[in-house]
Structures are given as structure tokens and as C-alpha cells.
file run.cif (mmCIF, C-alpha atoms)
data_input
loop_
_atom_site.label_atom_id
_atom_site.label_comp_id
_atom_site.auth_asym_id
_atom_site.auth_seq_id
_atom_site.Cartn_x
_atom_site.Cartn_y
_atom_site.Cartn_z
CA MET A 1 93.13 71.79 68.18
CA LYS A 2 95.70 72.52 70.85
CA LYS A 3 99.32 71.55 70.25
CA GLU A 4 99.33 69.11 73.17
CA ILE A 5 96.30 67.26 71.80
CA LYS A 6 97.87 66.94 68.35
CA ILE A 7 101.13 65.66 69.82
CA ALA A 8 99.29 63.31 72.18
CA TYR A 9 97.29 61.76 69.35
CA THR A 10 100.34 61.50 67.10
CA LEU A 11 102.29 59.86 69.91
CA PHE A 12 99.40 57.52 70.54
CA PHE A 13 99.41 56.28 66.94
CA ILE A 14 103.20 55.90 67.00
CA VAL A 15 103.00 53.97 70.27
CA VAL A 16 100.18 51.76 68.98
CA PHE A 17 102.16 50.99 65.83
CA GLY A 18 105.23 50.17 67.92
CA TYR A 19 103.29 47.95 70.29
CA LEU A 20 101.74 46.16 67.32
CA ILE A 21 105.27 45.27 66.23
CA ARG A 22 106.19 44.19 69.76
CA TYR A 23 102.96 42.23 70.03
CA GLU A 24 103.67 40.41 66.76
CA LEU A 25 107.21 39.76 67.98
CA ASN A 26 105.92 38.11 71.15
CA ILE A 27 103.31 36.07 69.28
CA PHE A 28 106.02 34.92 66.87
CA LEU A 29 108.24 33.86 69.77
CA ALA A 30 105.34 32.20 71.61
CA HIS A 31 104.68 30.08 68.52
CA HIS A 32 108.34 29.08 68.07
CA LEU A 33 109.32 28.66 71.72
CA PRO A 34 107.92 26.33 74.39
CA PRO A 35 105.73 28.32 76.85
CA ALA A 36 108.38 27.87 79.58
CA THR A 37 111.14 29.28 77.34
CA TYR A 38 108.90 32.16 76.29
CA GLY A 39 108.39 32.88 79.99
CA ASP A 40 112.18 32.88 80.50
CA TYR A 41 112.54 35.34 77.60
CA SER A 42 109.95 37.66 79.17
CA ILE A 43 111.73 37.59 82.53
CA ALA A 44 115.11 38.23 80.86
CA ILE A 45 113.82 41.30 79.00
CA LYS A 46 112.43 42.78 82.21
CA LEU A 47 115.67 42.06 84.10
CA LEU A 48 117.55 43.76 81.26
CA GLY A 49 115.53 46.89 82.05
CA ILE A 50 116.64 46.68 85.68
CA THR A 51 120.30 46.39 84.65
CA ILE A 52 119.92 49.45 82.41
CA ILE A 53 118.51 51.44 85.32
CA LEU A 54 121.52 50.49 87.43
CA ALA A 55 123.87 51.52 84.63
CA LEU A 56 122.24 54.94 84.20
CA PHE A 57 122.00 55.46 87.97
CA GLY A 58 118.82 57.54 87.79
CA THR A 59 120.27 60.04 85.33
CA ARG A 60 117.75 59.30 82.58
CA THR A 61 114.96 60.69 84.76
CA GLY A 62 117.32 63.31 86.19
CA SER A 63 118.16 64.68 82.75
CA ASN A 64 114.46 65.19 82.06
CA ARG A 65 114.28 67.20 85.27
CA PHE A 66 117.53 69.19 85.40
CA LEU A 67 118.77 69.41 81.83
CA ALA A 68 115.33 70.27 80.48
CA ARG A 69 115.10 73.17 82.95
CA TYR A 70 118.56 74.51 82.13
CA LEU A 71 117.90 74.44 78.39
CA ALA A 72 114.48 76.07 78.84
CA LEU A 73 116.14 78.90 80.83
CA ASN A 74 118.96 79.12 78.24
CA LYS A 75 121.57 78.25 80.87
CA LYS A 76 123.89 76.46 78.46
CA SER A 77 126.90 76.65 80.74
CA THR A 78 125.02 74.93 83.56
CA ALA A 79 123.63 72.43 81.06
CA ASN A 80 127.17 71.58 79.97
CA ASP A 81 128.20 71.18 83.61
CA TYR A 82 125.31 68.78 84.17
CA ILE A 83 126.21 66.71 81.11
CA ALA A 84 129.85 66.58 82.28
CA TRP A 85 128.69 65.28 85.65
CA ASN A 86 126.28 62.87 83.93
CA VAL A 87 129.03 61.50 81.68
CA LYS A 88 131.42 61.07 84.61
CA LEU A 89 128.81 59.26 86.69
CA ILE A 90 127.80 56.77 84.03
CA SER A 91 131.48 56.20 83.18
CA VAL A 92 131.86 54.75 86.68
CA THR A 93 128.66 52.68 86.53
CA PHE A 94 129.50 51.40 83.05
CA LEU A 95 132.96 50.40 84.19
CA VAL A 96 131.43 48.36 87.00
CA LEU A 97 128.89 46.83 84.63
CA PHE A 98 131.55 45.89 82.08
CA ALA A 99 133.66 44.35 84.85
CA VAL A 100 130.75 42.23 86.09
CA ALA A 101 129.90 41.22 82.51
CA ALA A 102 133.54 40.30 81.79
CA ILE A 103 133.75 38.16 84.96
CA ALA A 104 130.48 36.45 84.05
CA ILE A 105 131.65 35.72 80.49
CA PHE A 106 135.03 34.42 81.68
CA THR A 107 133.40 32.17 84.30
CA MET A 108 130.83 30.80 81.84
CA VAL A 109 133.45 30.11 79.15
CA LEU A 110 135.79 28.49 81.68
CA LEU A 111 133.05 26.18 82.99
CA HIS A 112 132.14 25.36 79.40
CA VAL A 113 135.73 24.50 78.44
CA LEU A 114 136.15 22.36 81.56
CA GLY A 115 132.98 20.49 80.68
CA ILE A 116 131.26 21.44 83.93
CA ARG A 117 128.34 23.39 82.44
CA HIS A 118 127.47 24.12 78.82
CA ILE A 119 127.45 27.83 78.00
CA SER A 120 123.88 27.66 76.66
CA GLN A 121 122.44 26.11 79.84
CA TYR A 122 122.23 29.31 81.90
CA HIS A 123 119.00 31.26 82.31
CA LEU A 124 118.57 33.76 79.50
CA ALA A 125 118.66 36.61 82.04
CA VAL A 126 122.38 36.01 82.72
CA TYR A 127 123.29 37.04 79.17
CA MET A 128 121.57 40.42 79.55
CA LEU A 129 124.76 41.68 81.22
CA TRP A 130 126.39 41.62 77.77
CA ILE A 131 123.62 43.75 76.25
CA ALA A 132 122.80 46.28 78.98
CA PRO A 133 125.67 48.79 78.35
CA PHE A 134 124.67 49.33 74.72
CA ASP A 135 120.98 49.70 75.57
CA ALA A 136 121.78 52.09 78.41
CA LEU A 137 123.67 54.43 76.07
CA THR A 138 120.81 54.32 73.58
CA PHE A 139 118.22 55.25 76.20
CA LEU A 140 120.33 58.09 77.58
CA LEU A 141 120.81 59.58 74.11
CA CYS A 142 117.08 59.22 73.47
CA SER A 143 116.36 61.19 76.64
CA TYR A 144 118.64 63.96 75.33
CA LEU A 145 116.73 63.87 72.03
CA LEU A 146 113.46 64.27 73.94
CA ILE A 147 114.77 67.21 75.94
CA SER A 148 116.01 68.97 72.80
CA GLY A 149 112.46 68.87 71.40
CA HIS A 150 112.65 65.75 69.20
CA VAL A 151 109.68 64.05 70.86
CA PHE A 152 108.79 61.72 67.99
CA MET A 153 112.36 60.82 67.05
CA SER A 154 113.19 59.99 70.66
CA ARG A 155 110.18 57.73 70.96
CA ILE A 156 110.60 55.93 67.62
CA ILE A 157 114.32 55.17 68.01
CA GLY A 158 114.00 54.18 71.66
CA LYS A 159 111.09 51.76 71.16
CA GLU A 160 109.50 51.18 67.75
CA TRP A 161 112.73 50.87 65.78
CA ARG A 162 114.13 48.38 68.31
CA TYR A 163 111.03 46.18 68.18
CA LEU A 164 111.09 46.17 64.38
CA LEU A 165 114.77 45.26 64.30
CA GLU A 166 114.29 42.44 66.79
CA LEU A 167 111.34 41.02 64.85
CA ILE A 168 113.24 41.17 61.53
CA PHE A 169 116.32 39.49 63.01
CA PHE A 170 114.28 36.73 64.66
CA VAL A 171 112.40 36.01 61.41
CA ILE A 172 115.67 35.91 59.46
CA LEU A 173 117.22 33.62 62.06
CA PHE A 174 114.22 31.29 61.97
CA LEU A 175 114.38 31.09 58.17
CA LEU A 176 118.07 30.25 58.40
CA LEU A 177 117.82 27.69 61.20
CA HIS A 178 114.48 26.12 60.20
CA ARG A 179 113.93 25.03 63.79
CA ASN A 180 113.14 26.35 67.24
CA PHE A 181 115.49 28.93 68.72
CA HIS A 182 118.04 28.07 71.38
CA THR A 183 119.47 30.32 74.08
CA MET A 184 122.54 31.55 72.21
CA SER A 185 120.56 32.38 69.07
CA ILE A 186 118.19 34.53 71.15
CA VAL A 187 121.16 36.28 72.77
CA ALA A 188 122.72 36.91 69.35
CA VAL A 189 119.54 38.57 68.09
CA LEU A 190 119.18 40.77 71.18
CA LEU A 191 122.84 41.86 71.05
CA THR A 192 122.68 42.66 67.32
CA THR A 193 119.49 44.66 67.87
CA SER A 194 121.12 46.69 70.64
CA LEU A 195 124.19 47.53 68.54
CA VAL A 196 122.17 48.60 65.50
CA ALA A 197 119.83 50.69 67.70
CA LEU A 198 122.80 52.46 69.33
CA ILE A 199 124.35 53.29 65.96
CA THR A 200 121.01 54.63 64.74
CA THR A 201 120.66 56.83 67.82
CA LEU A 202 124.13 58.28 67.33
CA LEU A 203 123.34 59.08 63.70
CA ALA A 204 120.03 60.70 64.68
CA SER A 205 121.53 62.90 67.41
CA ASN A 206 121.81 66.50 66.22
CA LYS A 207 124.87 68.73 66.46
CA GLU A 208 123.53 70.50 69.55
CA ILE A 209 123.28 67.26 71.54
CA LEU A 210 126.62 65.90 70.35
CA GLY A 211 128.21 69.30 70.98
CA MET A 212 126.96 69.35 74.58
CA ILE A 213 128.22 65.82 75.14
CA GLN A 214 131.60 66.78 73.68
CA SER A 215 131.77 69.83 75.96
CA GLY A 216 130.82 67.62 78.87
CA PHE A 217 133.72 65.26 78.15
CA LYS A 218 136.13 68.21 78.24
CA LYS A 219 134.90 69.17 81.72
CA ILE A 220 134.99 65.69 83.27
CA SER A 221 138.28 66.18 85.07
CA TYR A 222 136.98 69.36 86.72
CA THR A 223 133.63 67.88 87.74
CA ARG A 224 132.92 66.52 91.20
CA LEU A 225 131.02 63.24 91.17
CA SER A 226 129.35 64.00 94.51
CA HIS A 227 127.59 67.16 93.35
CA GLU A 228 125.56 68.55 96.25
CA LYS A 229 122.32 68.68 94.23
CA TRP A 230 122.55 66.29 91.29
CA PHE A 231 124.02 63.23 93.03
CA PRO A 232 121.57 63.02 95.98
CA THR A 233 118.66 63.50 93.58
CA SER A 234 120.04 60.84 91.24
CA LEU A 235 120.45 58.49 94.19
CA LYS A 236 116.79 58.93 95.12
CA MET A 237 115.69 58.52 91.51
CA ILE A 238 117.60 55.30 90.95
CA GLY A 239 116.04 53.89 94.10
CA SER A 240 112.56 54.75 92.85
CA ASP A 241 113.26 53.66 89.24
CA LEU A 242 114.83 50.41 90.43
CA ILE A 243 111.93 49.51 92.68
CA TYR A 244 109.49 50.39 89.90
CA ALA A 245 111.35 48.10 87.50
CA ILE A 246 111.40 45.27 90.05
CA VAL A 247 107.66 45.74 90.57
CA ASN A 248 107.18 45.19 86.83
CA VAL A 249 108.85 41.77 86.99
CA ILE A 250 108.28 40.54 90.54
CA ASP A 251 104.87 38.98 89.82
CA LEU A 252 106.33 37.03 86.88
CA ILE A 253 109.20 35.84 89.08
CA ILE A 254 106.75 34.81 91.82
CA VAL A 255 104.82 32.74 89.29
CA ALA A 256 108.06 31.16 88.03
CA LEU A 257 109.14 30.23 91.59
CA ILE A 258 105.81 28.98 92.95
CA VAL A 259 103.87 27.37 90.10
CA VAL A 260 105.02 23.83 89.36
CA ASP A 261 104.02 23.85 85.68
CA LYS A 262 106.56 26.26 84.11
CA ALA A 263 104.38 26.63 81.01
CA VAL A 264 102.12 28.81 83.19
CA VAL A 265 104.95 31.37 83.35
CA GLY A 266 104.56 31.84 79.61
CA HIS A 267 100.80 32.11 80.00
CA TYR A 268 101.14 34.87 82.59
CA ALA A 269 103.73 36.63 80.41
CA ALA A 270 101.11 36.68 77.64
CA VAL A 271 98.62 38.28 80.06
CA LEU A 272 101.11 41.05 80.83
CA MET A 273 101.88 41.47 77.14
CA ILE A 274 98.21 41.94 76.26
CA CYS A 275 97.60 44.33 79.17
CA GLY A 276 100.55 46.33 77.93
CA TRP A 277 98.10 47.84 75.43
CA ILE A 278 96.37 49.54 78.37
CA TRP A 279 99.58 50.95 79.81
CA LEU A 280 100.62 52.43 76.46
CA SER A 281 98.64 55.62 76.98
CA ALA A 282 99.59 56.01 80.62
CA GLU A 283 103.31 55.58 80.01
CA HIS A 284 103.87 57.34 76.70
CA LEU A 285 101.29 60.03 75.93
CA TYR A 286 102.71 62.44 78.52
CA GLN A 287 106.05 62.91 76.76
CA LEU A 288 105.50 66.58 75.90
CA VAL A 289 104.19 67.28 79.41
CA ILE A 290 107.20 65.53 80.93
CA SER A 291 109.65 67.57 78.85
CA LYS A 292 108.18 70.82 80.25
CA ALA A 293 107.02 69.76 83.73
CA SER A 294 110.18 70.60 85.68
CA HIS A 295 110.41 74.11 84.24
CA LEU A 296 106.69 74.94 84.57
CA LEU A 297 106.51 73.71 88.18
CA SER A 298 108.96 76.44 89.22
CA SER A 299 106.32 79.21 89.09
CA GLN A 300 102.62 79.63 89.82
CA GLU A 301 101.94 80.77 86.26
CA GLY A 302 103.77 77.73 85.01
CA LYS A 303 101.64 75.48 87.22
CA VAL A 304 98.49 76.88 85.63
CA GLU A 305 99.88 76.22 82.15
CA LEU A 306 101.00 72.74 83.20
CA GLN A 307 97.58 71.96 84.67
CA ASN A 308 95.95 72.85 81.35
CA MET A 309 98.41 70.61 79.50
CA VAL A 310 97.78 67.75 81.93
CA ASP A 311 93.98 68.14 81.68
CA ARG A 312 94.04 68.02 77.89
CA THR A 313 96.35 65.02 77.80
CA ASN A 314 94.33 63.22 80.49
CA LYS A 315 91.26 63.30 78.23
CA VAL A 316 93.17 61.42 75.54
CA VAL A 317 94.56 58.95 78.08
CA PHE A 318 91.17 58.22 79.65
CA LEU A 319 89.48 57.67 76.29
CA SER A 320 92.22 55.44 74.90
CA THR A 321 92.68 53.32 78.04
CA GLY A 322 88.93 52.86 78.41
CA VAL A 323 88.41 51.64 74.84
CA ILE A 324 91.44 49.33 74.97
CA SER A 325 90.51 47.84 78.37
CA MET A 326 86.95 47.01 77.35
CA SER A 327 88.17 45.51 74.08
CA ILE A 328 90.67 43.28 75.89
CA ILE A 329 88.02 42.03 78.32
CA TYR A 330 85.51 41.30 75.52
CA PHE A 331 88.03 39.54 73.26
CA SER A 332 90.10 37.96 76.06
CA SER A 333 89.90 34.37 74.82
CA THR A 334 90.62 35.32 71.21
CA LEU A 335 93.63 37.44 72.15
CA LEU A 336 95.14 34.66 74.25
CA ALA A 337 94.52 32.07 71.54
CA TYR A 338 96.84 33.98 69.20
CA PHE A 339 99.74 32.97 71.48
CA GLY A 340 98.75 29.30 71.37
CA PRO A 341 95.87 26.97 72.36
CA SER A 342 97.08 26.45 75.94
CA TYR A 343 97.28 30.20 76.64
CA THR A 344 93.47 30.52 76.85
CA ASN A 345 93.72 29.00 80.34
CA ALA A 346 94.81 32.46 81.52
CA ARG A 347 91.51 34.15 80.54
CA TYR A 348 90.35 35.04 84.07
CA ALA A 349 93.78 36.37 84.98
CA LEU A 350 93.68 38.58 81.88
CA ILE A 351 90.24 40.02 82.69
CA ILE A 352 91.22 40.85 86.29
CA MET A 353 94.54 42.39 85.25
CA ALA A 354 92.85 44.46 82.52
CA LEU A 355 90.46 46.02 85.04
CA GLY A 356 93.30 46.85 87.44
CA ALA A 357 95.48 48.23 84.65
CA PHE A 358 92.70 50.55 83.46
CA VAL A 359 92.25 52.17 86.88
CA GLU A 360 96.01 52.36 87.53
CA GLY A 361 96.61 53.75 84.04
CA ILE A 362 94.50 56.87 84.57
CA PHE A 363 96.33 57.48 87.88
CA HIS A 364 99.81 56.74 86.53
CA PHE A 365 100.95 60.30 85.83
CA SER A 366 100.70 61.30 89.50
CA LEU A 367 103.97 59.52 90.39
CA LEU A 368 105.82 61.16 87.49
CA LEU A 369 104.53 64.56 88.56
CA LEU A 370 105.75 64.01 92.12
CA THR A 371 109.20 63.11 90.81
CA TYR A 372 109.55 66.19 88.61
CA ALA A 373 108.25 68.41 91.41
CA GLY A 374 111.08 67.30 93.69
CA PHE A 375 109.18 64.78 95.83
CA GLU A 376 111.35 61.80 94.91
CA ARG A 377 111.20 60.53 98.48
CA ILE A 378 107.40 60.14 98.31
CA THR A 379 107.66 58.35 94.97
CA LEU A 380 110.33 56.06 96.41
CA ILE A 381 108.17 55.24 99.45
CA LEU A 382 105.10 54.54 97.30
CA ASN A 383 107.06 52.28 94.96
CA ALA A 384 108.66 50.45 97.90
CA TRP A 385 105.22 49.98 99.48
CA GLU A 386 103.89 48.62 96.18
CA LEU A 387 106.73 46.12 95.91
CA ALA A 388 106.31 44.94 99.50
CA MET A 389 102.55 44.55 99.17
CA ILE A 390 102.79 42.63 95.88
CA ILE A 391 105.19 40.16 97.48
CA LEU A 392 103.06 39.92 100.62
CA LEU A 393 99.79 39.34 98.75
CA ALA A 394 100.86 37.68 95.50
CA VAL A 395 102.88 34.84 97.06
CA PRO A 396 99.96 33.23 98.95
CA ALA A 397 97.48 34.20 96.20
CA THR A 398 99.61 32.46 93.58
CA TYR A 399 100.14 29.41 95.77
CA PHE A 400 96.40 28.88 96.37
CA PHE A 401 94.81 30.26 93.19
CA GLY A 402 97.51 30.18 90.50
CA ILE A 403 97.95 33.09 88.11
CA THR A 404 94.34 34.20 88.67
CA GLY A 405 95.31 34.92 92.27
CA THR A 406 98.51 36.64 91.10
CA ALA A 407 96.55 38.96 88.83
CA ALA A 408 94.01 39.79 91.56
CA ALA A 409 96.72 40.62 94.10
CA VAL A 410 98.65 42.81 91.67
CA ALA A 411 95.48 44.61 90.52
CA VAL A 412 94.51 45.55 94.07
CA VAL A 413 97.98 46.86 94.89
CA ILE A 414 98.51 48.96 91.75
CA VAL A 415 95.11 50.60 92.11
CA ALA A 416 95.79 51.44 95.76
CA GLN A 417 99.18 52.95 94.87
CA GLY A 418 97.61 55.02 92.09
CA ILE A 419 95.05 56.48 94.50
CA ALA A 420 97.83 57.34 96.96
CA GLY A 421 99.79 59.10 94.21
CA VAL A 422 96.80 61.25 93.27
CA TYR A 423 96.34 62.21 96.92
CA PHE A 424 99.96 63.32 97.37
CA VAL A 425 99.95 65.34 94.14
CA ARG A 426 96.90 67.21 95.36
CA LYS A 427 98.37 67.74 98.83
CA LYS A 428 102.00 68.56 97.98
CA ILE A 429 101.73 70.28 94.59
CA GLY A 430 98.16 71.55 94.63
CA MET A 431 97.35 70.11 91.20
CA ARG A 432 95.01 67.53 89.69
CA SER A 433 96.82 64.61 88.09
CA THR A 434 93.61 63.00 86.79
CA LEU A 435 90.50 64.43 85.15
CA TRP A 436 88.63 64.72 88.42
CA PHE A 437 91.13 64.67 91.32
#
call {"tool": "encode", "arguments": {"input": "run.cif", "output": "C-alpha cells"}}
result
Amino acid sequence: MKKEIKIAYTLFFIVVFGYLIRYELNIFLAHHLPPATYGDYSIAIKLLGITIILALFGTRTGSNRFLARYLALNKKSTANDYIAWNVKLISVTFLVLFAVAAIAIFTMVLLHVLGIRHISQYHLAVYMLWIAPFDALTFLLCSYLLISGHVFMSRIIGKEWRYLLELIFFVILFLLLHRNFHTMSIVAVLLTTSLVALITTLLASNKEILGMIQSGFKKISYTRLSHEKWFPTSLKMIGSDLIYAIVNVIDLIIVALIVVDKAVVGHYAAVLMICGWIWLSAEHLYQLVISKASHLLSSQEGKVELQNMVDRTNKVVFLSTGVISMSIIYFSSTLLAYFGPSYTNARYALIIMALGAFVEGIFHFSLLLLTYAGFERITLILNAWELAMIILLAVPATYFFGITGTAAAVAVVIVAQGIAGVYFVRKKIGMRSTLWF
């Protein structure tokens, strides 16, 4: 069996195990939180991801493109220069983030002391400003781990370990409180999880990674922030990453703003959680391909090798997404019932979303390939188009048909975007990003 197939299957089992933990975490929270509060939690977690993207300013994706190429070509000096620039850039973004977080904390505490608004009465998303800097550092270090060849370690620390920590802390907190969670207890768990995950990542980072970071710090004063190649690319990538992250939460926000019964927000969050099983393969089984894509795309021989890697990985992705999608559709009512009796009302929304997620999942890699090939502008345009169309279609669909309409609108848009991505990969790069196109 080829190396890529072995790694893909191993990653798949790691991802499935991690999502099982995350799934159990969400079921646990759904049982101990009102559906409306569970919906708020789901929105807050997604908005945390957006804040992390802003903090990293596109450099997480950029490191997979530039740093991976420099290390593959043994250009350690250039790699150190890139890390120095990367460190300097995120130092600025982190400073801004910490300033915003400090102002938010001061304002909230002041209003609390003055008796104007209790500190626990804000939407859970507001408190994500306190957590984002620690998570951002963790994800950046995990990307360095991935580039240095630690595919499994990068994945486990960045996802599975975090989910397990969060579940353990929530269970412990529930046993201590013996009642439903409140806002500040949820924030405390999320913050503790982030700190422990960051410490774990630092301990797992090898001497090579820490040495490069240390060398980068020494070069900060000599590094220009507006690098003629890295900064414009990072600017494009953050635009694309940011829009992609907003796309992942905009339908949930639309439901929260339009639907009168706020419990439905929790129901739709459960639909997205279940469909996350389908996106597992599309988002995570290409890790080895991603780590080599930028370097292999630089030559025709490399493209041939990359195409073979993509073809082999696509077979695993197609098989896994197909089995998972059909299983979700068949057991839709049962899966929703695990979250609570009222969640079964979202059955039709789940079936529609599962079908759309399956088709989009097998097209998903096309956008990543465009990014690593240097076509960030096309990726940005496609993601912007997706966001605009979801807003345009999902708002009236949600208003007239509830979350069933939301799911239908989103499914149509994500499938259309996936088809467009496949077309541009074929036209601009001359490669197939799916099994057939």
C-alpha cells in the first residue's frame, strides 16, 4: 500500500476518534444547556475561529505554502527569514487583539461594578476575545509541526487533544456545580482548555522548530513587515480565510436573527454538528498532500507526482464521505434524538444538508489546490461569491421555510462553489482535483 494511502487512513481514524470526542462534547452540552444557549455556544466557537484568523493574518496558510517549500529545498536561511517576518507580523496583530480584549474586559467590569450590566449577561461570543490569542499561538505552532513532518502530532494536538480536554473540564465542572452551566463557567472551561493546549504544543515542538523560531526572533529588528512577496500573499490569504470562516457561521447567525424561537438555533447547530462527520474527510485527509503541494507544483514532474497523490487520497475521501452521508440520512432521526427530543424537528434540514455536504466534500480540495498554486485571488473571489449568495438566498429561505429553507439554500450554494473550484483547477493548473474532473 502506498504511503499516502496509509497516512490517509491513519489520519481518518484519528479524525474520526477526535470528532467522536467533539460529538460527545456537544451532546453533553445539548443535554445540560437550553437549546438557545447551546446555539449561542456554537456561534461563539465559530466566531472564535474568525478571531484566530484575524490574529494570524493568513500566516497559518502562508507557512504551509512558503515555509514548507523553503524547508523542502533546504533553504534554511530563507526559512529563518520567513519565520522572522511571521513572528513580527503576528506580534503586531496580537498586540491589537490584546488591546481590544483589554478594552472589552475593562468596559465589562466597569459596567458590572456600576450596576449597569452584569458581567455574565453578554453573548458568549464576546468572551472569545480573551481566548483567541492563546488558540492562535497553538494553531501556528501546529502548522510548524505539520511542515516539519509531524503530521499526526500536529493533528492530534490541534484538534483531538483540545476536544478531550474541553469534555473532561466540562464534566468535572458539572460534577462540582451539580446544575446547568452559566456563561462564566463556560468561559472558564474554554480558557483553561486553551492554556493547557498551548503548553502541550510548546512541549511537543521539537528543537528544530523552536530553534527556527528563536532565530526568527533574533532577526525581527532587521525584517521588513511589508515584504514584497510574503505580505501581499498573506493579505490575500487572510481575506480568503476570513470569508471562508464567516461562511461557516453566517447561516447559523441568519437563523439566530430571523427565527423567532431561539431554540431552533440549537437545532440547526446540531444539524451542522452531525454533518461535520461528512466534512471530516474533505478537510483533514489531505494533510500530507498539503504539506508537499507548494513544492511539487513548482515543476512539471512534481505536478505528476502530486496528481498521483491527489488521486489516491481522493479515493479514500470519496469512499468515506459516501458511507458517512448515507448513514446520516438513514439514521437522521436517531442522530438528532441524541441531542434531545425537540431536536428531531430538524430532520429534513439534516437530510438536505447531508446531501449538499457530500457533493461539496468531494470537491473541497480544489480551493486548497488553487491557494497553494498561487491563485489566492480566485479562491478569494469564490469564497466572497459563496458568502454573498448564502446571504442572498438563505435570508428569504429561512424567513419562509425555517431551517429547512436555510439548509436547502446553503446546500445549493456550496455545491455550486465546489463545481467552480474544480473548473478553475483544471483551467489554471491543468490538474484533476476530484476522481473524475
call {"tool": "atom_distance", "arguments": {"input": "run.cif", "atom1": "CA of Asp241 (chain A)", "atom2": "CA of Ile83 (chain A)"}}
result
20.1 Å
call {"tool": "residues_around", "arguments": {"input": "run.cif", "residues": "region 133-137 of chain A", "least_positions_apart": "2", "cutoff": "10 Å", "atoms": "only C-alpha atoms", "output": "number ranges by chain"}}
result
A: 48-49, 51-56, 60, 90, 93-95, 97-98, 101, 128-131, 139-143, 158, 191, 193-199, 201-202
call {"tool": "resolve_selection", "arguments": {"input": "run.cif", "expression": "the PyMOL selection byres ((chain A and resi 370-376) around 7)", "output": "list in words"}}
result
Arg65, Lys236, Met237, Ala293, Ser294, Leu297, Ser366, Leu367, Leu368, Leu369, Arg377, Ile378, Thr379, Leu380 and Val425 of chain A
call {"tool": "residues_around", "arguments": {"input": "run.cif", "residues": "Ser320 (chain A)", "least_positions_apart": "2", "cutoff": "12 Å", "atoms": "only C-alpha atoms", "output": "PyMOL selection string"}}
result
chain A and resi 8-9+12-13+15-16+277-282+284-285+313-318+322-327+358+361-362
call {"tool": "atom_distance", "arguments": {"input": "run.cif", "atom1": "CA of Tyr127 (chain A)", "atom2": "CA of Phe106 (chain A)"}}
result
12.3 Å
call {"tool": "resolve_selection", "arguments": {"input": "run.cif", "expression": "the PyMOL selection byres ((chain A and resi 395-403) around 8)", "output": "list in words"}}
result
Ile254, Val255, Ile258, Val259, Val264, Tyr268, Ala346, Ala349, Ile390, Ile391, Leu392, Leu393, Ala394, Thr404, Gly405, Thr406, Ala407 and Ala409 of chain A
call {"tool": "decode", "arguments": {"input": "run.cif", "residues": "region 243-306 of chain A", "atoms": "C-alpha atoms", "output": "compact mmCIF listing (two decimals), in the first residue's frame"}}
result
# COMPACT_ATOMS: atom_id res chain seq x y z
CA ILE A 243 -14.58 34.93 4.25
CA TYR A 244 -14.43 31.13 4.48
CA ALA A 245 -14.76 31.31 8.27
CA ILE A 246 -17.67 33.75 8.02
CA VAL A 247 -19.35 31.40 5.53
CA ASN A 248 -19.14 28.64 8.15
CA VAL A 249 -21.12 30.70 10.67
CA ILE A 250 -23.29 33.02 8.59
CA ASP A 251 -26.16 30.53 8.18
CA LEU A 252 -26.28 29.98 11.96
CA ILE A 253 -26.31 33.74 12.52
CA ILE A 254 -29.09 34.16 9.93
CA VAL A 255 -31.17 31.58 11.78
CA ALA A 256 -30.48 33.33 15.11
CA LEU A 257 -31.56 36.72 13.69
CA ILE A 258 -34.64 35.63 11.73
CA VAL A 259 -36.26 32.72 13.55
CA VAL A 260 -38.39 33.83 16.50
CA ASP A 261 -37.99 30.62 18.51
CA LYS A 262 -34.32 30.75 19.61
CA ALA A 263 -34.37 27.03 20.45
CA VAL A 264 -34.29 26.45 16.68
CA VAL A 265 -30.77 27.93 16.66
CA GLY A 266 -29.67 25.00 18.79
CA HIS A 267 -31.49 22.59 16.48
CA TYR A 268 -29.68 23.95 13.43
CA ALA A 269 -26.36 23.85 15.31
CA ALA A 270 -27.00 20.14 15.87
CA VAL A 271 -27.57 19.69 12.12
CA LEU A 272 -24.20 21.30 11.39
CA MET A 273 -22.55 19.21 14.09
CA ILE A 274 -23.84 15.96 12.61
CA CYS A 275 -22.92 16.98 9.05
CA GLY A 276 -19.44 17.70 10.35
CA TRP A 277 -18.86 13.96 10.04
CA ILE A 278 -19.08 14.36 6.26
CA TRP A 279 -16.62 17.25 6.15
CA LEU A 280 -14.05 15.34 8.20
CA SER A 281 -12.58 13.58 5.18
CA ALA A 282 -12.66 16.63 2.95
CA GLU A 283 -10.94 18.89 5.46
CA HIS A 284 -8.39 16.61 7.10
CA LEU A 285 -7.33 13.68 4.93
CA TYR A 286 -5.26 15.86 2.60
CA GLN A 287 -2.72 16.87 5.25
CA LEU A 288 0.22 15.05 3.64
CA VAL A 289 -0.74 16.38 0.20
CA ILE A 290 -0.99 19.91 1.58
CA SER A 291 2.45 19.71 3.18
CA LYS A 292 4.01 18.89 -0.22
CA ALA A 293 1.69 20.71 -2.64
CA SER A 294 3.53 24.04 -2.84
CA HIS A 295 6.89 22.40 -3.57
CA LEU A 296 5.57 19.86 -6.10
CA LEU A 297 3.58 22.48 -8.03
CA SER A 298 6.83 24.26 -8.94
CA SER A 299 7.76 21.70 -11.63
CA GLN A 300 6.02 19.53 -14.21
CA GLU A 301 7.48 16.37 -12.70
CA GLY A 302 6.24 17.49 -9.33
CA LYS A 303 2.75 18.04 -10.74
CA VAL A 304 2.66 14.45 -11.97
CA GLU A 305 3.69 13.19 -8.53
CA LEU A 306 1.16 15.49 -6.87
